[in-house]
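Next comes upload-v5.tsv, with TSV, C-alpha atoms.
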chain	number	residue	atom	x	y	z
M	289	MET	CA	42.62	65.14	59.11
M	290	THR	CA	43.09	66.89	55.76
M	291	GLU	CA	42.51	70.65	55.54
M	292	ARG	CA	39.30	72.00	54.00
M	293	ARG	CA	39.88	73.12	50.42
M	294	THR	CA	39.57	76.82	49.74
M	295	LYS	CA	37.62	78.09	46.72
M	296	MET	CA	40.93	78.73	44.96
M	297	ASP	CA	42.05	75.13	45.68
M	298	ILE	CA	38.83	73.75	44.20
M	299	VAL	CA	39.18	75.89	41.06
M	300	TYR	CA	42.82	74.76	40.75
M	301	ASP	CA	41.85	71.07	41.15
M	302	MET	CA	39.19	71.44	38.45
M	303	LEU	CA	41.47	73.22	35.98
M	304	GLN	CA	44.31	70.79	36.73
M	305	ALA	CA	41.97	67.86	36.07
M	306	ILE	CA	41.11	69.35	32.65
M	307	GLN	CA	44.79	69.96	31.86
M	308	ASP	CA	45.70	66.40	32.89
M	309	LYS	CA	43.16	65.13	30.36
M	310	GLY	CA	44.87	67.06	27.57
M	311	GLY	CA	42.86	70.28	27.89
M	312	ALA	CA	39.33	68.84	27.44
M	313	ILE	CA	37.27	66.71	29.82
M	314	LEU	CA	33.83	65.10	29.98
M	315	PRO	CA	31.53	66.53	32.69
M	316	THR	CA	31.26	63.13	34.46
M	317	HIS	CA	35.08	62.81	34.56
M	318	LEU	CA	35.39	66.32	35.96
M	319	LEU	CA	32.74	65.46	38.57
M	320	TYR	CA	34.73	62.64	40.15
M	321	LYS	CA	38.15	64.23	39.58
M	322	SER	CA	37.15	67.43	41.37
M	323	ASN	CA	35.39	65.56	44.20
M	324	LEU	CA	32.29	67.79	44.22
M	325	SER	CA	28.55	67.17	44.24
M	326	HIS	CA	26.67	67.69	40.96
M	327	GLY	CA	25.11	70.94	42.16
M	328	ARG	CA	28.38	72.41	43.42
M	329	LEU	CA	30.19	71.38	40.23
M	330	LYS	CA	27.60	73.19	38.14
M	331	GLN	CA	28.03	76.34	40.26
M	332	TYR	CA	31.80	76.24	39.84
M	333	VAL	CA	31.68	75.48	36.12
M	334	ASP	CA	29.28	78.39	35.55
M	335	GLU	CA	31.67	80.70	37.39
M	336	LEU	CA	34.68	79.39	35.43
M	337	LYS	CA	32.79	79.99	32.19
M	338	ILE	CA	31.89	83.56	33.20
M	339	LYS	CA	35.57	84.20	34.04
M	340	ALA	CA	36.54	82.64	30.69
M	341	LEU	CA	38.79	80.03	32.34
M	342	VAL	CA	36.90	77.19	30.60
M	343	THR	CA	34.56	76.90	27.65
M	344	GLU	CA	32.04	74.27	26.60
M	345	MET	CA	32.60	72.42	23.35
M	346	ASP	CA	30.94	69.56	21.48
M	347	LYS	CA	33.24	66.67	20.50
M	348	LYS	CA	31.76	63.63	18.73
M	349	GLY	CA	28.32	64.59	20.01
M	350	LYS	CA	29.47	64.83	23.65
M	351	THR	CA	29.86	67.98	25.73
M	352	HIS	CA	33.43	68.68	26.89
M	353	PHE	CA	34.84	71.38	29.17
M	354	VAL	CA	37.88	72.91	27.53
M	355	LEU	CA	40.65	74.86	29.23
M	356	THR	CA	41.14	78.35	27.77
M	357	ASP	CA	44.44	80.30	27.51
M	358	GLN	CA	43.30	82.29	30.53
M	359	GLY	CA	42.73	79.02	32.39
M	360	ILE	CA	46.27	77.88	31.56
M	361	LYS	CA	47.59	81.23	32.79
M	362	PHE	CA	45.58	80.86	36.03
M	363	LEU	CA	47.10	77.41	36.62
M	364	ALA	CA	50.64	78.76	36.15
M	365	ASN	CA	50.00	81.69	38.51
M	366	TYR	CA	48.45	79.43	41.12
M	367	ARG	CA	51.41	76.99	41.03
M	368	GLN	CA	53.76	79.93	41.50
M	369	LEU	CA	51.68	81.21	44.38
M	370	ARG	CA	51.58	77.79	46.06
M	371	GLU	CA	55.37	77.52	45.84
M	372	PHE	CA	55.67	81.00	47.38
M	373	THR	CA	53.20	80.13	50.16
M	374	ASP	CA	55.06	76.89	50.95
M	375	ALA	CA	58.46	78.60	50.92
M	376	PHE	CA	57.39	81.29	53.39
M	377	GLY	CA	55.05	79.11	55.46
M	378	LEU	CA	52.08	81.39	54.95
U	370	MET	CA	68.15	108.20	74.80
U	371	ALA	CA	71.66	108.05	73.41
U	372	LEU	CA	71.99	107.80	69.65
U	373	GLY	CA	75.76	108.00	69.63
U	374	VAL	CA	77.26	104.83	68.28
U	375	VAL	CA	76.48	104.57	64.58
U	376	VAL	CA	79.95	104.15	63.13
U	377	THR	CA	81.59	100.93	64.28
U	378	GLY	CA	83.22	99.44	61.17
U	379	PRO	CA	86.61	100.06	59.56
U	380	ASP	CA	86.95	103.12	57.29
U	381	TRP	CA	87.55	101.15	54.09
U	382	PHE	CA	84.23	99.32	54.54
U	383	PHE	CA	82.02	102.44	54.55
U	384	GLY	CA	80.37	102.69	51.18
U	385	VAL	CA	80.60	98.93	50.67
U	386	ASP	CA	78.02	98.46	53.45
U	387	SER	CA	75.83	101.04	51.74
U	388	GLY	CA	76.05	99.06	48.48
U	389	PHE	CA	75.04	95.89	50.34
U	390	GLU	CA	72.03	97.72	51.79
U	391	PHE	CA	70.89	98.97	48.38
U	392	PHE	CA	71.11	95.36	47.16
U	393	ALA	CA	69.01	94.27	50.17
U	394	PHE	CA	66.46	96.96	49.27
U	395	PHE	CA	66.28	95.62	45.71
U	396	ALA	CA	65.69	92.03	46.92
U	397	LEU	CA	63.10	93.12	49.51
U	398	ALA	CA	61.29	95.37	47.03
U	399	LEU	CA	60.91	92.45	44.61
U	400	ILE	CA	59.48	90.21	47.36
U	401	THR	CA	57.11	93.03	48.35
U	402	LEU	CA	55.89	93.32	44.75
U	403	PHE	CA	55.39	89.57	44.46
U	404	SER	CA	53.46	89.43	47.77
U	405	TRP	CA	51.29	92.32	46.59
U	406	LYS	CA	50.65	90.50	43.31
U	407	ALA	CA	49.66	87.41	45.34
U	408	PHE	CA	47.25	89.56	47.36
U	409	ARG	CA	45.70	90.98	44.17
U	410	PHE	CA	45.35	87.44	42.78
U	411	THR	CA	43.82	85.80	45.88
U	412	LYS	CA	42.43	88.75	47.92
U	413	ASP	CA	43.89	86.91	50.92
U	414	LYS	CA	44.89	89.42	53.64
U	415	ARG	CA	47.91	87.31	54.71
U	416	TYR	CA	49.71	88.28	51.52
U	417	ARG	CA	48.93	91.95	52.09
U	418	THR	CA	50.37	91.75	55.62
U	419	PHE	CA	53.41	89.92	54.25
U	420	ALA	CA	53.90	92.61	51.59
U	421	THR	CA	53.60	95.29	54.30
U	422	ALA	CA	56.28	93.60	56.45
U	423	PHE	CA	58.70	93.37	53.52
U	424	ALA	CA	57.90	96.94	52.42
U	425	PHE	CA	58.79	98.28	55.89
U	426	MET	CA	62.02	96.27	55.86
U	427	ALA	CA	62.88	97.51	52.35
U	428	LEU	CA	62.28	101.15	53.31
U	429	GLY	CA	64.33	100.62	56.46
U	430	MET	CA	67.20	99.36	54.31
U	431	VAL	CA	67.07	102.48	52.14
U	432	CYS	CA	67.28	104.65	55.26
U	433	ARG	CA	70.24	102.65	56.53
U	434	ALA	CA	71.93	102.82	53.12
U	435	VAL	CA	71.53	106.61	53.09
U	436	ALA	CA	72.95	106.87	56.63
U	437	ASP	CA	75.95	104.70	55.72
U	438	LEU	CA	76.47	106.63	52.49
U	439	PHE	CA	76.60	109.87	54.50
U	440	VAL	CA	79.26	108.32	56.72
U	441	ALA	CA	81.20	107.01	53.69
U	442	LEU	CA	81.15	110.38	51.92
U	443	ASN	CA	82.06	112.08	55.20
U	444	ILE	CA	79.23	114.62	54.90
U	445	ASN	CA	79.33	116.46	58.21
U	446	SER	CA	77.37	119.52	57.10
U	447	ARG	CA	73.97	117.76	57.40
U	448	PRO	CA	74.10	115.68	60.61
U	449	GLU	CA	70.28	115.79	60.87
U	450	VAL	CA	70.00	113.68	57.67
U	451	LEU	CA	72.23	111.02	59.23
U	452	VAL	CA	70.19	110.98	62.46
U	453	VAL	CA	66.80	110.97	60.69
U	454	SER	CA	67.80	108.17	58.31
U	455	TYR	CA	69.26	106.06	61.13
U	456	VAL	CA	66.19	106.56	63.33
U	457	GLY	CA	64.04	105.78	60.28
U	458	TYR	CA	65.98	102.56	59.75
U	459	ILE	CA	65.42	101.49	63.37
U	460	PHE	CA	61.72	102.42	63.40
U	461	LEU	CA	60.90	100.78	60.04
U	462	THR	CA	62.89	97.61	60.77
U	463	LEU	CA	61.26	97.16	64.18
U	464	THR	CA	57.81	97.70	62.65
U	465	SER	CA	58.61	95.13	59.99
U	466	LEU	CA	59.78	92.54	62.55
U	467	VAL	CA	56.67	93.02	64.70
U	468	VAL	CA	54.46	92.54	61.61
U	469	PHE	CA	56.42	89.36	60.72
U	470	PHE	CA	56.05	88.18	64.31
U	471	ALA	CA	52.27	88.75	64.14
U	472	LEU	CA	52.06	86.86	60.87
U	473	MET	CA	54.06	83.90	62.18
U	474	LEU	CA	51.86	83.70	65.28
U	475	ARG	CA	48.76	83.99	63.07
U	476	ALA	CA	47.67	86.59	65.62
U	477	THR	CA	44.09	87.74	65.33
U	478	GLN	CA	44.22	90.32	68.12
U	479	ARG	CA	46.15	93.52	67.55
U	480	ALA	CA	46.44	94.75	71.14
U	481	PRO	CA	49.32	92.43	72.28
U	482	LEU	CA	51.30	93.29	69.16
U	483	VAL	CA	50.78	97.03	69.56
U	484	ALA	CA	51.90	96.59	73.20
U	485	LEU	CA	55.01	94.71	72.04
U	486	PHE	CA	55.80	97.49	69.58
U	487	ILE	CA	55.33	100.23	72.19
U	488	ILE	CA	57.46	98.35	74.75
U	489	SER	CA	60.22	97.98	72.13
U	490	LEU	CA	60.08	101.70	71.31
U	491	ALA	CA	60.06	102.62	75.03
U	492	SER	CA	63.10	100.38	75.62
U	493	LEU	CA	64.91	102.16	72.78
U	494	PHE	CA	63.95	105.59	74.07
U	495	LEU	CA	65.09	104.86	77.64
U	496	SER	CA	68.21	102.99	76.60
U	497	GLN	CA	71.80	104.18	77.09
U	498	SER	CA	72.68	102.72	73.70
U	499	VAL	CA	69.90	102.76	71.10
U	500	ARG	CA	72.01	100.73	68.69
U	501	LEU	CA	72.67	97.87	71.15
U	502	THR	CA	69.06	97.78	72.36
U	503	PHE	CA	67.75	97.82	68.80
U	504	HIS	CA	69.95	94.91	67.72
U	505	THR	CA	69.07	92.96	70.88
U	506	ILE	CA	65.30	93.39	70.35
U	507	SER	CA	65.73	92.53	66.66
U	508	LEU	CA	67.73	89.40	67.59
U	509	ILE	CA	65.00	88.20	69.97
U	510	LEU	CA	62.22	88.79	67.40
U	511	LEU	CA	64.26	87.20	64.60
U	512	LEU	CA	64.92	84.10	66.72
U	513	PHE	CA	61.15	83.59	67.06
U	514	ILE	CA	60.59	84.31	63.35
U	515	SER	CA	63.44	81.94	62.38
U	516	TYR	CA	61.90	79.19	64.50
U	517	HIS	CA	58.75	79.48	62.38
U	518	PHE	CA	60.76	79.13	59.16
U	519	ILE	CA	62.76	76.16	60.55
U	520	LYS	CA	59.49	74.44	61.48
U	521	ASN	CA	58.08	75.30	58.05
U	522	TYR	CA	61.10	73.74	56.32
U	523	PHE	CA	60.71	70.46	58.23
U	524	GLN	CA	57.02	70.39	57.31
U	525	LYS	CA	57.42	71.24	53.61
U	526	LYS	CA	60.93	69.84	52.96
U	527	SER	CA	61.25	72.01	49.86
U	528	PHE	CA	64.42	73.69	48.61
U	529	THR	CA	62.85	77.16	48.58
U	530	ALA	CA	61.63	76.70	52.18
U	531	LEU	CA	65.23	75.76	53.10
U	532	LEU	CA	66.58	78.92	51.42
U	533	VAL	CA	64.09	81.12	53.29
U	534	CYS	CA	64.85	79.32	56.57
U	535	ILE	CA	68.64	79.82	56.18
U	536	ALA	CA	68.07	83.46	55.17
U	537	PHE	CA	66.15	84.29	58.36
U	538	VAL	CA	68.62	82.38	60.58
U	539	LEU	CA	71.40	84.44	58.95
U	540	LEU	CA	69.47	87.65	59.65
U	541	ALA	CA	69.35	86.63	63.33
U	542	VAL	CA	73.08	85.79	63.28
U	543	ALA	CA	73.76	89.21	61.72
U	544	GLN	CA	71.98	90.90	64.64
U	545	PHE	CA	74.27	89.05	67.06
U	546	GLN	CA	77.30	90.12	65.02
U	547	PHE	CA	76.12	93.75	65.12
U	548	ILE	CA	75.78	93.50	68.91
U	549	VAL	CA	79.39	92.36	69.38
U	550	ASP	CA	80.91	94.59	66.67
U	551	VAL	CA	81.90	97.18	69.29
U	552	LEU	CA	84.53	94.67	70.43
U	553	TYR	CA	86.16	94.23	67.05
U	554	HIS	CA	85.60	95.70	63.55
U	555	LYS	CA	85.49	92.34	61.79
U	556	TRP	CA	82.11	91.58	63.40
U	557	TYR	CA	80.64	94.63	61.66
U	558	ILE	CA	81.89	93.28	58.33
U	559	LEU	CA	80.69	89.76	59.16
U	560	GLY	CA	77.27	91.15	60.15
U	561	HIS	CA	76.95	92.86	56.78
U	562	LEU	CA	78.13	89.73	54.97
U	563	SER	CA	75.50	87.63	56.80
U	564	HIS	CA	72.93	90.27	55.83
U	565	VAL	CA	73.84	90.33	52.15
U	566	VAL	CA	73.96	86.51	51.91
U	567	ALA	CA	70.54	86.33	53.65
U	568	PHE	CA	68.94	88.80	51.23
U	569	GLY	CA	70.67	87.04	48.32
U	570	LEU	CA	69.11	83.75	49.44
U	571	LEU	CA	65.67	85.40	49.64
U	572	LEU	CA	66.17	86.65	46.09
U	573	VAL	CA	67.18	83.16	44.90
U	574	ALA	CA	64.07	81.73	46.64
U	575	LEU	CA	61.90	84.27	44.80
U	576	ILE	CA	63.54	83.40	41.46
U	577	LYS	CA	62.92	79.68	42.18
U	578	VAL	CA	59.25	80.50	42.81
U	579	GLN	CA	59.07	82.36	39.48
U	580	VAL	CA	60.62	79.39	37.64
U	581	VAL	CA	57.75	77.14	38.82
U	582	LYS	CA	55.46	79.13	36.50
U	583	LYS	CA	57.16	77.73	33.41
U	584	ARG	CA	56.40	74.08	34.28

As structure tokens:
Amino acid sequence: MTERRTKMDIVYDMLQAIQDKGGAILPTHLLYKSNLSHGRLKQYVDELKIKALVTEMDKKGKTHFVLTDQGIKFLANYRQLREFTDAFGL
Amino acid sequence: MALGVVVTGPDWFFGVDSGFEFFAFFALALITLFSWKAFRFTKDKRYRTFATAFAFMALGMVCRAVADLFVALNINSRPEVLVVSYVGYIFLTLTSLVVFFALMLRATQRAPLVALFIISLASLFLSQSVRLTFHTISLILLLFISYHFIKNYFQKKSFTALLVCIAFVLLAVAQFQFIVDVLYHKWYILGHLSHVVAFGLLLVALIKVQVVKKR
């Protein structure tokens, strides 16, 4: 059985999904990439916007979630932390 | 309680051992800072406990370095500094190992760990040779801690996990070498070499973790 994702893991998965799409993603794509319900996704996106990790932007008439510089920094820090956690078995 | 045997290595090595211990302090201090940063980032208490364990070990190393420096410089006018720093080294290192042990066990109850710590201190206090008892207790605790890191390496199969695993096995080996160093001086030198290689490996593991950021 796979382990339950922590809040940090979910945030990482969401930001990673945006980065994998070149820094901007459609809400529907983020929904299935992050494996969350619509309601939970909205909650998370709102929190990410408040923390300035993502912003909303209109591209060709469609709403996109865009990764901010702070979001990129978060991803780098999280990767570092995961490597540290794995190395020391925490 | 007999705190007699502190000096067991050859004369030429005193001072070198102190340098090794200051290097160990540097490596441990950096790991402490990184763990603290991880705690600030995640608010996860495991990282705070981990930082605490490394901080105790780092402070213990400073105490030991000061004690060995006093021996190297042949300062006989202040024997109390030598005794206090050596006792400080023992107390801080034991505390650190018990905290590591608790973390590895993912212990939620404090009472058994406090009991373990008190039993260890009582054994030291009642012992004929504090040094031998300390290294024996440290060896036992480090064997359990090393087992956790060996298991972790086989689960994660990562290079950094391997470095950490080898480092803790070497720390256990060093304790054994410090136990037998009364028989021959070279074991004292070998114990310090195992120590410095172990802390060097921990430093390399930390640098490897930092490099991940740039990906």

* Find the residues in chain U near chain M: any atom within 8 Å counts, using all atoms listed in the file. Write them as JSON, numbers by chain. => {"U": [407, 411, 415, 473, 517, 518, 521, 522, 525, 527, 529, 530, 531, 533, 574, 575, 578, 579, 580, 581, 582, 583, 584]}

* Quick one: residues within 7 Å of Ile313 (chain M), all atoms listed in the file counted, chain neighbours fewer than 2 positions away excluded, as JSON, numbers by chain? -> {"M": [306, 309, 311, 315, 317, 318, 352, 353, 354]}

* In Å, with one decimal, what is the gap from CA of Leu493 (chain U) to CA of Val542 (chain U)? ->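 These two atoms are separated by 20.6 Å.
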
* Leaving out region 396-403 of chain U and any residue of its chain fewer than 5 positions from it, which residues lie within 6 Å of it when counting only C-alpha atoms, given as a ChimeraX atom specification? -> /U:420,423-424,427,572

* To do: May I ask for the distance between CA of Ala434 (chain U) and CA of Ser489 (chain U), given in Å to one decimal place?
  =>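 It comes out at 22.8 Å.
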
* Once you count only C-alpha atoms, which residues end up no further than 9 Å from (42.0, 72.7, 35.5) in the file's frame, shown as a list in words? ->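 Checking each residue against the 9 Å limit leaves Val299, Tyr300, Asp301, Met302, Leu303, Gln304, Ala305, Ile306, Gln307, Asp308, Gly311, Leu341, Val342, Val354, Leu355, Gly359, Ile360, Phe362 and Leu363 of chain M.
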
* Structure fact -> Counting only C-alpha atoms, the residue among U:Ile548, U:Ser492, U:Leu482, U:Thr502 that lies closest to Phe470 (chain U) is U:Leu482

* Asked: Using all atoms listed in the file, what residues lie at most 12 Å away from (72.8, 105.7, 52.3) (file coordinates), given as a ChimeraX atom specification?
  -> /U:383-392,394,428-444,450-455,457-458

* Straight-line distance linking CA of Val468 (chain U) with CA of Thr421 (chain U), stated in Å to one decimal -> 7.9 Å

* With only C-alpha atoms as the atoms that count, which of M:Tyr320, M:Asp297, M:Ala312, M:Lys330 lies nearest to Thr343 (chain M)? ->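 Checking each of M:Tyr320, M:Asp297, M:Ala312, M:Lys330 against Thr343 (chain M), counting only C-alpha atoms, the winner is M:Ala312.
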
Around region 472-486 of chain U, with edges along x, y and z and 5 Å added on all six sides, what centre and edge lengths do you get, in Å to one decimal, as lines of an AutoDock Vina configuration file?
center_x = 49.9
center_y = 90.6
center_z = 67.0
size_x = 21.7
size_y = 23.8
size_z = 22.3

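Distance check against Leu511 (chain U) using only C-alpha atoms: of U:Gln497, U:Thr418, U:Ser465, U:Thr477, the minimum falls on U:Ser465.
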